[in-house]
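In what follows, a structure is listed as structure tokens, so that the remarks can point back to it.
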Amino acid sequence: MQLQPTDALLVIDVQNDFMPGGALPIKDGDAVVPIINALAKNFDHVILTQDWHPPQHISFATTHSNRQPFEVIEAPYGPQALWPEHVLQHTEGAAFHPSLHIPHAELILRKGFRRHIDSYSAFLENDHKTPTGLAGYLRERNLTRLFLCGLAYDFCVRYSALDGHALGFETIVLEDATRAVNLPGSVDETNKAFAVASIPRITSNNL
Ligand code: VGL
Ligand code: ZN
């Protein structure tokens, strides 16, 4: 596959709390770091996202009484999964993995920074309506094709890819540069949703 000047690499949530030993660990999460560092060298445009929650965020099980991580609650905007407290603003857990090395990354987009609404997607918060501003940024800069990687395949990569596609960007997932949280059914559902939307899953050696 030939890369073009209008391509962008979107690196989702490569943050300490999602790594083994972190607050919301993803199995082998750290394995994506060297792959993404190598990938990024092929792109003129790289955008990083950073999940960035305040204390008592709606997605934390501890914010609600008698709730456990991985349960789902009904939020005013729809179903919301609950998680251990993670990526608290300005903590080490919210920092990027120390080995992530992409000096030319041009934008760090923070999301999930408001207490009462979560944002898995880099484009729309979890009400599936409120824009983060990323679509406008990409359009103004004429970045039309997106390659997604990072964490987690079945949550933030999933919703970012689906929204990017729905908003009119050509969207491709670099599957070997992602890892999944793997809740029951979550990877199968993600694969199905990508197939329905005709979002290709490729490996980074195709670039
Ligand atoms: C994520 C769960 C909660 C992700 C973020 O980056 O996929 N998952 N917050
Ligand atoms: Zn989060």
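Residue numbers start at 1 in each chain; chains themselves are named A, B, ... in the order of the structure tokens; ligands are numbered from 1 in the order shown.
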Query - Contacts with ligand 1 at most 8 Å, only C-alpha atoms and all ligand atoms counted, listed as a PyMOL selection string - result: chain A and resi 12-14+18+24+51+59+82-83+86+119-120+151-157+180-181
Requested in this report: Show which residues sit within 8 Å of Ala81 in chain A, as a PyMOL selection string. Count only C-alpha atoms, and ignore same-chain residues fewer than 6 positions away.
Outcome: chain A and resi 59+69-73
Requested in this report: Find the spatial neighbours of Thr144 in chain A, counting only C-alpha atoms, within a cut-off of 9 Å - ignore same-chain residues fewer than 5 positions away - and output them as a list in words.
Outcome: Thr6, Asp7, Ala8, Leu138, Arg139, Gly168, Phe169, Glu170 and Thr171 of chain A
Write the residues of the selection above to a file with C-alpha atoms, as a PDB file, in the first residue's frame.
```pdb
ATOM      1  CA  THR A   6      -3.031  13.249   2.886  1.00  0.00           C
ATOM      2  CA  ASP A   7      -2.672  10.196   5.172  1.00  0.00           C
ATOM      3  CA  ALA A   8      -2.533  10.417   8.944  1.00  0.00           C
ATOM      4  CA  LEU A 138      -8.463  16.760   9.844  1.00  0.00           C
ATOM      5  CA  ARG A 139     -10.701  18.430   7.263  1.00  0.00           C
ATOM      6  CA  GLY A 168     -16.344  10.400   5.736  1.00  0.00           C
ATOM      7  CA  PHE A 169     -12.680   9.558   6.285  1.00  0.00           C
ATOM      8  CA  GLU A 170     -11.176   6.520   4.599  1.00  0.00           C
ATOM      9  CA  THR A 171     -10.336   4.431   7.654  1.00  0.00           C
TER      10      THR A 171
END
```
Tell me, which residues of range 28-129 of chain A carry DSSP helix (DSSP H, G or I), written as an mmCIF file with C-alpha atoms, in the first residue's frame?
```cif
data_model
loop_
_atom_site.group_PDB
_atom_site.id
_atom_site.type_symbol
_atom_site.label_atom_id
_atom_site.label_comp_id
_atom_site.auth_asym_id
_atom_site.auth_seq_id
_atom_site.Cartn_x
_atom_site.Cartn_y
_atom_site.Cartn_z
ATOM 1 C CA GLY A 29 -0.378 -3.583 25.665
ATOM 2 C CA ASP A 30 3.273 -2.582 25.688
ATOM 3 C CA ALA A 31 3.958 -4.755 22.619
ATOM 4 C CA VAL A 32 2.407 -2.089 20.392
ATOM 5 C CA VAL A 33 4.957 0.563 21.325
ATOM 6 C CA PRO A 34 7.917 -0.512 19.133
ATOM 7 C CA ILE A 35 5.529 -1.329 16.283
ATOM 8 C CA ILE A 36 3.964 2.138 16.472
ATOM 9 C CA ASN A 37 7.346 3.874 16.761
ATOM 10 C CA ALA A 38 8.423 2.176 13.517
ATOM 11 C CA LEU A 39 5.090 2.849 11.786
ATOM 12 C CA ALA A 40 5.135 6.539 12.661
ATOM 13 C CA ALA A 61 -16.909 2.133 39.187
ATOM 14 C CA THR A 62 -15.859 3.977 42.379
ATOM 15 C CA THR A 63 -17.972 6.996 41.348
ATOM 16 C CA GLU A 92 1.922 9.095 35.668
ATOM 17 C CA GLY A 93 -0.834 6.665 34.684
ATOM 18 C CA ALA A 94 -2.147 9.165 32.149
#
```
Report task. Just list the residues in range 8-194 of chain A DSSP gives strand (DSSP E or B) on the backbone, as a ChimeraX atom specification. Result -> /A:8-12,15,46-51,53,60,72-75,78-81,83,88,96,107-111,124,131,145-151,170-179
Report task. Tell me which protein, DNA and RNA residues are within 7 Å of range 197-203 of chain A, counting only C-alpha atoms, leaving out same-chain ones fewer than 3 positions away, and put them as a list in words. Result -> Thr171, Ile172, Val173, Leu174, Glu175, Asp176, Ala193, Phe194 and Asn206 of chain A
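The interatomic distance for the pair CA of Asp188 in chain A and CA of Lys27 in chain A works out to 17.0 Å.
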Query raised in the report: Looking at A:Pro25, A:Pro98, A:Pro131, A:Gly112, which one is nearest to ligand 2, with distances taken over only C-alpha atoms and all ligand atoms?
Result: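 So, comparing all the options, the nearest one is A:Gly112.
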Query raised in the report: Quick one: of A:Leu107, A:Leu134, A:Val187, A:Cys149, who's nearest to Gly164 in chain A, counting only C-alpha atoms?
Result: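 The answer is A:Leu134, which sits nearest to Gly164 in chain A.
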